[in-house]
$ cat run11.cif   # mmCIF, C-alpha atoms
data_upload
#
loop_
_atom_site.label_atom_id
_atom_site.label_comp_id
_atom_site.auth_asym_id
_atom_site.auth_seq_id
_atom_site.Cartn_x
_atom_site.Cartn_y
_atom_site.Cartn_z
CA ILE A 71 0.00 0.00 0.00
CA LEU A 72 2.75 2.48 0.93
CA HIS A 73 5.26 1.46 -1.76
CA PRO A 74 6.74 4.62 -3.35
CA THR A 75 6.11 3.49 -6.95
CA ASN A 76 3.68 0.56 -7.07
CA GLY A 77 1.79 1.17 -3.83
CA LEU A 78 -2.00 1.16 -3.88
CA LEU A 79 -2.18 4.56 -2.17
CA ASN A 80 0.03 6.23 -4.78
CA ILE A 81 -1.93 4.58 -7.60
CA LEU A 82 -5.25 5.82 -6.20
CA LEU A 83 -3.94 9.35 -5.59
CA GLY A 84 -1.87 9.52 -8.77
CA THR A 85 1.26 10.47 -6.83
CA ARG A 86 4.79 9.10 -6.33
CA ILE A 87 5.27 9.87 -2.64
CA ASN A 88 7.74 7.83 -0.59
CA TRP A 89 5.39 7.57 2.37
CA THR A 90 7.84 5.96 4.80
CA GLY A 91 11.12 7.26 3.32
CA ASP A 92 10.30 10.96 3.07
CA PRO A 93 10.84 12.87 6.36
CA ASN A 94 7.87 15.08 5.51
CA TRP A 95 5.49 12.12 5.19
CA ALA A 96 6.91 9.36 7.39
CA LEU A 97 5.37 10.44 10.70
CA PHE A 98 2.05 11.18 8.99
CA SER A 99 2.03 7.69 7.46
CA VAL A 100 2.78 6.02 10.78
CA SER A 101 0.08 8.14 12.45
CA MET A 102 -2.53 7.10 9.88
CA LEU A 103 -1.59 3.45 10.35
CA THR A 104 -1.88 3.83 14.13
CA ILE A 105 -5.35 5.38 13.76
CA TRP A 106 -6.38 2.47 11.52
CA LEU A 107 -5.03 -0.06 14.03
CA ALA A 108 -7.07 1.53 16.84
CA SER A 109 -10.25 2.01 14.81
CA GLY A 110 -11.62 -1.47 15.55
CA ILE A 111 -11.61 -1.26 19.34
CA ASN A 112 -12.77 2.37 19.17
CA PHE A 113 -15.73 1.27 17.07
CA ILE A 114 -16.64 -1.41 19.61
CA PHE A 115 -16.53 1.02 22.55
CA ILE A 116 -18.52 3.72 20.74
CA SER A 117 -21.10 1.18 19.55
CA ALA A 118 -21.52 -0.01 23.13
CA GLY A 119 -21.98 3.59 24.27
CA LEU A 120 -24.59 4.26 21.58
CA ARG A 121 -26.62 1.24 22.69
CA ASN A 122 -26.98 2.87 26.11
CA VAL A 123 -28.65 6.01 24.75
CA PRO A 124 -32.39 5.71 25.53
CA ASP A 125 -34.65 5.57 22.48
CA GLU A 126 -37.17 7.72 24.33
CA LEU A 127 -34.86 10.72 23.98
CA TYR A 128 -34.84 10.41 20.19
CA GLU A 129 -38.61 9.90 20.10
CA SER A 130 -39.20 13.01 22.20
CA ALA A 131 -36.83 15.01 20.03
CA SER A 132 -38.63 13.85 16.87
CA ILE A 133 -41.97 14.91 18.33
CA ASP A 134 -40.46 18.33 19.07
CA GLY A 135 -39.32 18.61 15.46
CA ALA A 136 -35.57 18.11 15.97
CA ASN A 137 -33.60 17.20 12.85
CA TYR A 138 -30.68 14.75 12.60
CA TRP A 139 -27.98 17.28 13.47
CA ARG A 140 -29.93 18.61 16.44
CA LYS A 141 -30.29 15.06 17.79
CA LEU A 142 -26.60 14.41 17.19
CA PHE A 143 -25.32 17.45 19.10
CA SER A 144 -28.03 17.61 21.78
CA ILE A 145 -28.59 13.91 22.53
CA THR A 146 -26.06 11.52 21.04
CA LEU A 147 -22.77 13.28 21.76
CA PRO A 148 -23.68 14.40 25.32
CA SER A 149 -24.95 10.91 26.13
CA ILE A 150 -21.76 9.14 25.04
CA SER A 151 -19.37 11.89 26.18
CA PRO A 152 -17.89 9.76 29.03
CA THR A 153 -17.13 6.98 26.56
CA LEU A 154 -15.67 9.41 24.03
CA PHE A 155 -13.48 11.06 26.65
CA PHE A 156 -12.30 7.67 27.86
CA GLN A 157 -11.42 6.66 24.29
CA ILE A 158 -9.55 9.90 23.64
CA ILE A 159 -7.42 9.42 26.75
CA ILE A 160 -6.72 5.76 25.97
CA ASN A 161 -5.72 6.63 22.40
CA ILE A 162 -3.41 9.41 23.58
CA ILE A 163 -1.70 6.99 25.97
CA GLY A 164 -1.47 4.44 23.16
CA ALA A 165 0.10 7.01 20.86
CA PHE A 166 2.82 7.71 23.43
CA GLN A 167 3.49 3.98 23.62
CA SER A 168 3.69 3.38 19.85
CA PHE A 169 6.48 0.98 18.98
CA SER A 170 5.63 -1.99 16.75
CA GLN A 171 4.46 -0.02 13.71
CA ILE A 172 7.56 2.18 13.84
CA ARG A 173 9.81 -0.85 14.32
CA LEU A 174 8.30 -2.52 11.26
CA LEU A 175 7.91 0.47 8.92
CA THR A 176 10.63 3.05 9.55
CA GLN A 177 12.83 1.97 12.48
CA GLY A 178 12.81 5.57 13.66
CA GLY A 179 13.82 7.02 10.30
CA PRO A 180 14.32 8.62 7.96
CA GLY A 181 16.76 10.47 10.17
CA ASP A 182 14.84 10.95 13.41
CA ALA A 183 11.51 11.78 11.77
CA THR A 184 9.67 8.92 13.52
CA ASN A 185 11.98 8.40 16.49
CA VAL A 186 9.24 8.66 19.11
CA ILE A 187 9.97 8.29 22.80
CA VAL A 188 9.36 4.53 23.11
CA TYR A 189 11.51 3.71 20.09
CA ALA A 190 14.18 6.12 21.36
CA ILE A 191 14.23 4.21 24.67
CA TYR A 192 14.58 0.95 22.74
CA ARG A 193 17.50 2.25 20.65
CA ASP A 194 19.28 3.82 23.61
CA ALA A 195 19.04 0.67 25.71
CA PHE A 196 19.60 -2.13 23.18
CA PHE A 197 21.67 -0.55 20.40
CA ASN A 198 23.64 2.31 21.93
CA PHE A 199 23.83 0.75 25.43
CA ARG A 200 23.10 4.10 27.05
CA PHE A 201 21.08 2.59 29.84
CA GLY A 202 21.05 5.77 31.93
CA THR A 203 19.49 7.80 29.12
CA ALA A 204 16.98 5.04 28.40
CA ALA A 205 16.01 4.87 32.08
CA ALA A 206 15.57 8.64 32.25
CA ARG A 207 13.36 8.64 29.18
CA SER A 208 11.36 5.77 30.64
CA ILE A 209 10.68 7.82 33.77
CA ILE A 210 9.61 10.79 31.64
CA LEU A 211 7.23 8.54 29.67
CA PHE A 212 5.85 7.16 32.93
CA LEU A 213 5.19 10.68 34.23
CA ILE A 214 3.48 11.72 30.99
CA VAL A 215 1.17 8.70 31.07
CA LEU A 216 0.53 9.25 34.78
CA VAL A 217 -0.52 12.87 34.22
CA ILE A 218 -2.85 11.89 31.37
CA THR A 219 -4.35 9.14 33.53
CA LEU A 220 -4.96 11.61 36.37
CA VAL A 221 -6.66 13.96 33.91
CA GLU A 222 -9.02 11.13 33.00
CA ARG A 223 -10.02 10.33 36.59
CA PRO A 224 -12.50 13.23 37.02
CA SER A 225 -14.49 11.85 34.07
CA ILE A 226 -15.39 8.75 36.09
CA SER A 227 -16.00 10.44 39.43
CA GLU A 228 -19.15 11.91 40.91
CA ILE A 229 -20.20 15.28 39.48
CA ASN A 230 -22.94 17.66 40.59
CA ILE A 231 -25.64 18.52 38.07
CA ASP A 232 -28.41 20.94 39.13
CA GLY A 233 -27.73 20.12 42.77
CA ASN A 234 -28.23 16.38 42.27
CA LYS A 235 -25.48 13.78 42.38
CA ALA A 236 -24.99 12.04 39.05
CA ILE A 237 -22.41 9.33 38.56
CA GLU A 238 -20.82 9.23 35.14
CA THR A 239 -19.08 6.05 36.19
CA ASP A 240 -22.30 4.12 35.54
CA ALA A 241 -22.46 5.21 31.91
CA LEU A 242 -18.78 4.48 31.39
CA MET A 243 -18.95 1.10 33.07
CA ASP A 244 -22.04 0.21 31.02
CA GLY A 245 -20.08 1.10 27.91
CA LEU A 246 -17.12 -0.99 29.01
CA LYS A 247 -19.40 -3.90 29.89
CA GLY A 248 -21.08 -3.73 26.51
CA ALA A 249 -17.74 -3.49 24.75
CA GLY A 250 -16.43 -6.46 26.71
CA LEU A 251 -19.52 -8.44 25.72
CA ALA A 252 -19.02 -7.51 22.06
CA VAL A 253 -15.34 -8.48 22.14
CA GLY A 254 -16.20 -11.78 23.81
CA GLN A 255 -18.76 -12.53 21.13
CA VAL A 256 -16.26 -11.76 18.38
CA PHE A 257 -13.70 -14.17 19.85
CA GLN A 258 -16.37 -16.79 20.48
CA ARG A 259 -17.58 -16.63 16.88
CA ALA A 260 -14.01 -16.83 15.61
CA THR A 261 -13.49 -19.95 17.76
CA LEU A 262 -16.74 -21.41 16.46
CA GLU A 263 -15.69 -20.86 12.85
CA GLN A 264 -12.27 -22.38 13.51
CA MET A 265 -13.89 -25.43 15.09
CA ARG A 266 -16.28 -25.80 12.13
CA VAL A 267 -13.40 -25.70 9.65
CA GLU A 268 -11.48 -28.33 11.64
CA LEU A 269 -14.51 -30.62 11.65
CA GLN A 270 -14.93 -30.13 7.90
CA ARG A 271 -11.33 -31.18 7.37
CA GLN A 272 -11.86 -34.29 9.51
CA TYR A 273 -14.92 -35.31 7.51
CA VAL A 274 -13.14 -34.64 4.21
CA SER A 275 -10.13 -36.73 5.27
CA GLN A 276 -12.50 -39.55 6.20
CA GLY A 277 -14.35 -39.26 2.89
CA ARG A 278 -17.63 -38.54 4.68
CA TYR A 279 -18.15 -34.88 3.78
CA ASP A 280 -20.97 -33.63 1.57
CA ALA A 281 -23.29 -30.61 1.57
CA THR A 282 -26.00 -32.40 3.55
CA ILE A 283 -23.73 -32.91 6.56
CA GLU A 284 -22.98 -29.20 7.01
CA THR A 285 -25.78 -28.74 9.57
CA GLU A 286 -24.43 -31.62 11.66
CA ILE A 287 -20.93 -30.09 11.53
CA ALA A 288 -22.24 -26.71 12.66
CA GLU A 289 -24.10 -28.34 15.57
CA GLN A 290 -21.03 -30.31 16.65
CA ALA A 291 -18.93 -27.12 16.51
CA ARG A 292 -21.42 -25.29 18.73
CA ASN A 293 -21.46 -28.12 21.25
CA ARG A 294 -17.66 -28.28 21.44
CA VAL A 295 -17.30 -24.53 21.85
CA ALA A 296 -20.07 -24.41 24.45
CA SER A 297 -18.45 -27.19 26.47
CA SER A 298 -15.11 -25.37 26.58
CA CYS A 299 -16.47 -21.85 26.97
CA CYS A 300 -16.76 -19.94 30.25
CA ALA A 301 -20.24 -19.64 31.71
CA ASN A 302 -20.95 -15.99 31.01
CA ALA A 303 -23.02 -14.16 28.46
CA ALA A 304 -20.05 -13.09 26.37
CA CYS A 305 -19.09 -16.70 25.72
CA ARG A 306 -22.47 -18.14 24.79
CA VAL A 307 -23.51 -18.92 21.25
#
$ encode --input "run11.cif" --output "structure tokens"
Amino acid sequence: ILHPTNGLLNILLGTRINWTGDPNWALFSVSMLTIWLASGINFIFISAGLRNVPDELYESASIDGANYWRKLFSITLPSISPTLFFQIIINIIGAFQSFSQIRLLTQGGPGDATNVIVYAIYRDAFFNFRFGTAAARSIILFLIVLVITLVERPSISEINIDGNKAIETDALMDGLKGAGLAVGQVFQRATLEQMRVELQRQYVSQGRYDATIETEIAEQARNRVASSCCANAACRV
């Protein structure tokens, strides 16, 4: 995708940009890849937050004549604001801890264009053997993450609204619970599909496979996954 001559991105844009070799574009390219890597879990958390928005609010707004944008800015965004704030903080912390994509794509280059703090710690400690510098940078990174984490804490504490105590923690925890359920279902379905494929291979190797036995294979896969799955809602078929 990022190849300077035959990459899909250059073909689509009609350009010849060296996305990872040009100092002007390398950090941007790594940033876009990092955003793409985090988009899946962000989608799960935001989807879980949206499921917690009461339908009655949208119905009342429709009766009052509110359009889509009014509902978005007056109902949706305020309702999922704890989840959004949580995601922003987590993504900022993740950005400070970026390593694997830089190690694979640019190795801190070209020059020092993508030599972020975690990769700088890695190079200082394991290539230049400057363990004191690496330790100092590690402490700085720890303090940065600590400060960001402390900034996040008020978002999950009790706040006072119109003289009444409201706990944003409940909304955030509901979002996390829903996200955890969604993640569990994704892994469970992946396990189910893997089990089904293994059973298909067994039947094929035994010469017993045909289209009519597919239902039996699916049922056997469900039974095997259910027997090995933990007894909570996220693990049930």
$ closest_residue --input "run11.cif" --among "A:Ser109, A:Asn122, A:Asn80, A:Asn161" --to "A:Thr219" --atoms "only C-alpha atoms"
A:Asn161
$ resolve_selection --input "run11.cif" --expression "the PyMOL selection byres ((chain A and resi 175) around 12)" --output "VMD selection string"
chain A and resid 71 to 73 89 to 91 96 to 97 99 to 101 103 to 104 169 to 174 176 to 180 184 to 185
$ axis_aligned_box --input "run11.cif" --around "stretch 99-115 of chain A" --padding-each-side "5 Å" --output "AutoDock Vina command-line options"
--center_x -6.9 --center_y 3.3 --center_z 15.0 --size_x 29.4 --size_y 19.6 --size_z 25.1
$ closest_residue --input "run11.cif" --among "A:Ala136, A:Ile150, A:Phe166, A:Val215" --to "A:Ile191" --atoms "all atoms listed in the file"
A:Phe166
$ atom_distance --input "run11.cif" --atom1 "atom CA of A:Glu284" --atom2 "atom CA of A:Gln270"
8.2 Å
$ atom_distance --input "run11.cif" --atom1 "atom CA of A:Leu220" --atom2 "atom CA of A:Thr153"
16.3 Å
$ closest_residue --input "run11.cif" --among "A:Ala190, A:Val217, A:Ile283, A:Ser151" --to "A:Ala205" --atoms "only C-alpha atoms"
A:Ala190
$ closest_residue --input "run11.cif" --among "A:Ala288, A:Ile87, A:Ile214, A:Leu79" --to "A:Ile159" --atoms "only C-alpha atoms"
A:Ile214
$ atom_distance --input "run11.cif" --atom1 "atom CA of A:Ile218" --atom2 "atom CA of A:Gln167"
12.8 Å
$ resolve_selection --input "run11.cif" --expression "the PyMOL selection byres ((chain A and resi 112) around 10)" --output "MDAnalysis selection string"
chainID A and resid 105:111 113:118 153:154 157:158 160:161 249
$ closest_residue --input "run11.cif" --among "A:Ala165, A:Ala204, A:Ile209, A:Val186" --to "A:Met102" --atoms "all atoms listed in the file"
A:Ala165
$ resolve_selection --input "run11.cif" --expression "the PyMOL selection byres ((chain A and resi 128) around 12)" --output "list in words"
Val123, Pro124, Asp125, Glu126, Leu127, Glu129, Ser130, Ala131, Ser132, Ile133, Asp134, Gly135, Ala136, Asn137, Tyr138, Trp139, Arg140, Lys141, Leu142, Phe143, Ser144, Ile145, Thr146 and Ser149 of chain A
$ decode --input "run11.cif" --residues "stretch 181-195 of chain A" --atoms "all heavy atoms" --output "tab-separated table (two decimals), in the first residue's frame"
chain	number	residue	atom	x	y	z
A	181	GLY	N	16.16	9.59	9.16
A	181	GLY	CA	16.76	10.47	10.17
A	181	GLY	C	16.16	10.15	11.52
A	181	GLY	O	16.22	9.01	11.99
A	182	ASP	N	15.56	11.14	12.15
A	182	ASP	CA	14.84	10.95	13.41
A	182	ASP	C	13.39	11.36	13.25
A	182	ASP	O	12.72	11.71	14.24
A	182	ASP	CB	15.49	11.78	14.52
A	182	ASP	CG	16.81	11.17	14.99
A	182	ASP	OD1	16.92	9.93	14.94
A	182	ASP	OD2	17.72	11.92	15.38
A	183	ALA	N	12.86	11.28	12.04
A	183	ALA	CA	11.51	11.78	11.77
A	183	ALA	C	10.45	11.02	12.56
A	183	ALA	O	9.44	11.59	12.96
A	183	ALA	CB	11.21	11.69	10.28
A	184	THR	N	10.65	9.72	12.78
A	184	THR	CA	9.67	8.92	13.52
A	184	THR	C	10.27	8.31	14.79
A	184	THR	O	9.78	7.30	15.29
A	184	THR	CB	9.11	7.79	12.62
A	184	THR	OG1	10.21	6.97	12.18
A	184	THR	CG2	8.39	8.36	11.42
A	185	ASN	N	11.32	8.92	15.28
A	185	ASN	CA	11.98	8.40	16.49
A	185	ASN	C	11.24	8.87	17.73
A	185	ASN	O	11.70	9.75	18.46
A	185	ASN	CB	13.44	8.86	16.52
A	185	ASN	CG	14.23	8.17	17.61
A	185	ASN	OD1	13.93	7.05	17.99
A	185	ASN	ND2	15.24	8.85	18.13
A	186	VAL	N	10.06	8.28	17.96
A	186	VAL	CA	9.24	8.66	19.11
A	186	VAL	C	9.87	8.13	20.39
A	186	VAL	O	10.83	7.36	20.36
A	186	VAL	CB	7.80	8.14	18.94
A	186	VAL	CG1	7.14	8.80	17.73
A	186	VAL	CG2	7.78	6.63	18.80
A	187	ILE	N	9.30	8.50	21.53
A	187	ILE	CA	9.97	8.29	22.80
A	187	ILE	C	10.18	6.80	23.11
A	187	ILE	O	11.25	6.41	23.59
A	187	ILE	CB	9.21	8.99	23.95
A	187	ILE	CG1	10.00	8.87	25.25
A	187	ILE	CG2	7.80	8.46	24.09
A	187	ILE	CD1	9.47	9.77	26.35
A	188	VAL	N	9.21	5.95	22.80
A	188	VAL	CA	9.36	4.53	23.11
A	188	VAL	C	10.45	3.91	22.25
A	188	VAL	O	11.29	3.14	22.74
A	188	VAL	CB	8.04	3.77	22.93
A	188	VAL	CG1	8.22	2.28	23.11
A	188	VAL	CG2	7.00	4.29	23.92
A	189	TYR	N	10.47	4.26	20.96
A	189	TYR	CA	11.51	3.71	20.09
A	189	TYR	C	12.88	4.28	20.46
A	189	TYR	O	13.90	3.59	20.35
A	189	TYR	CB	11.20	3.98	18.63
A	189	TYR	CG	12.01	3.13	17.69
A	189	TYR	CD1	11.66	1.80	17.48
A	189	TYR	CD2	13.13	3.63	17.06
A	189	TYR	CE1	12.40	0.99	16.64
A	189	TYR	CE2	13.88	2.83	16.21
A	189	TYR	CZ	13.52	1.52	16.00
A	189	TYR	OH	14.27	0.72	15.18
A	190	ALA	N	12.92	5.54	20.91
A	190	ALA	CA	14.18	6.12	21.36
A	190	ALA	C	14.71	5.38	22.59
A	190	ALA	O	15.93	5.15	22.72
A	190	ALA	CB	13.99	7.60	21.67
A	191	ILE	N	13.83	5.00	23.50
A	191	ILE	CA	14.23	4.21	24.67
A	191	ILE	C	14.81	2.88	24.22
A	191	ILE	O	15.84	2.42	24.71
A	191	ILE	CB	13.03	4.01	25.61
A	191	ILE	CG1	12.60	5.35	26.22
A	191	ILE	CG2	13.36	3.01	26.71
A	191	ILE	CD1	11.29	5.27	26.98
A	192	TYR	N	14.14	2.24	23.27
A	192	TYR	CA	14.58	0.95	22.74
A	192	TYR	C	15.97	1.06	22.12
A	192	TYR	O	16.86	0.24	22.37
A	192	TYR	CB	13.56	0.46	21.72
A	192	TYR	CG	13.99	-0.72	20.90
A	192	TYR	CD1	14.06	-2.00	21.45
A	192	TYR	CD2	14.32	-0.56	19.55
A	192	TYR	CE1	14.44	-3.09	20.69
A	192	TYR	CE2	14.70	-1.64	18.78
A	192	TYR	CZ	14.76	-2.90	19.35
A	192	TYR	OH	15.14	-3.97	18.59
A	193	ARG	N	16.20	2.09	21.31
A	193	ARG	CA	17.50	2.25	20.65
A	193	ARG	C	18.60	2.59	21.65
A	193	ARG	O	19.73	2.09	21.55
A	193	ARG	CB	17.41	3.33	19.56
A	193	ARG	CG	16.57	2.91	18.38
A	193	ARG	CD	17.02	3.60	17.10
A	193	ARG	NE	17.01	5.06	17.19
A	193	ARG	CZ	17.17	5.86	16.14
A	193	ARG	NH1	17.35	5.35	14.93
A	193	ARG	NH2	17.15	7.17	16.29
A	194	ASP	N	18.27	3.46	22.61
A	194	ASP	CA	19.28	3.82	23.61
A	194	ASP	C	19.70	2.61	24.43
A	194	ASP	O	20.89	2.43	24.72
A	194	ASP	CB	18.73	4.92	24.53
A	194	ASP	CG	18.82	6.30	23.91
A	194	ASP	OD1	19.64	6.48	22.99
A	194	ASP	OD2	18.05	7.18	24.33
A	195	ALA	N	18.74	1.79	24.81
A	195	ALA	CA	19.04	0.67	25.71
A	195	ALA	C	19.70	-0.50	24.99
A	195	ALA	O	20.68	-1.07	25.49
A	195	ALA	CB	17.77	0.22	26.41
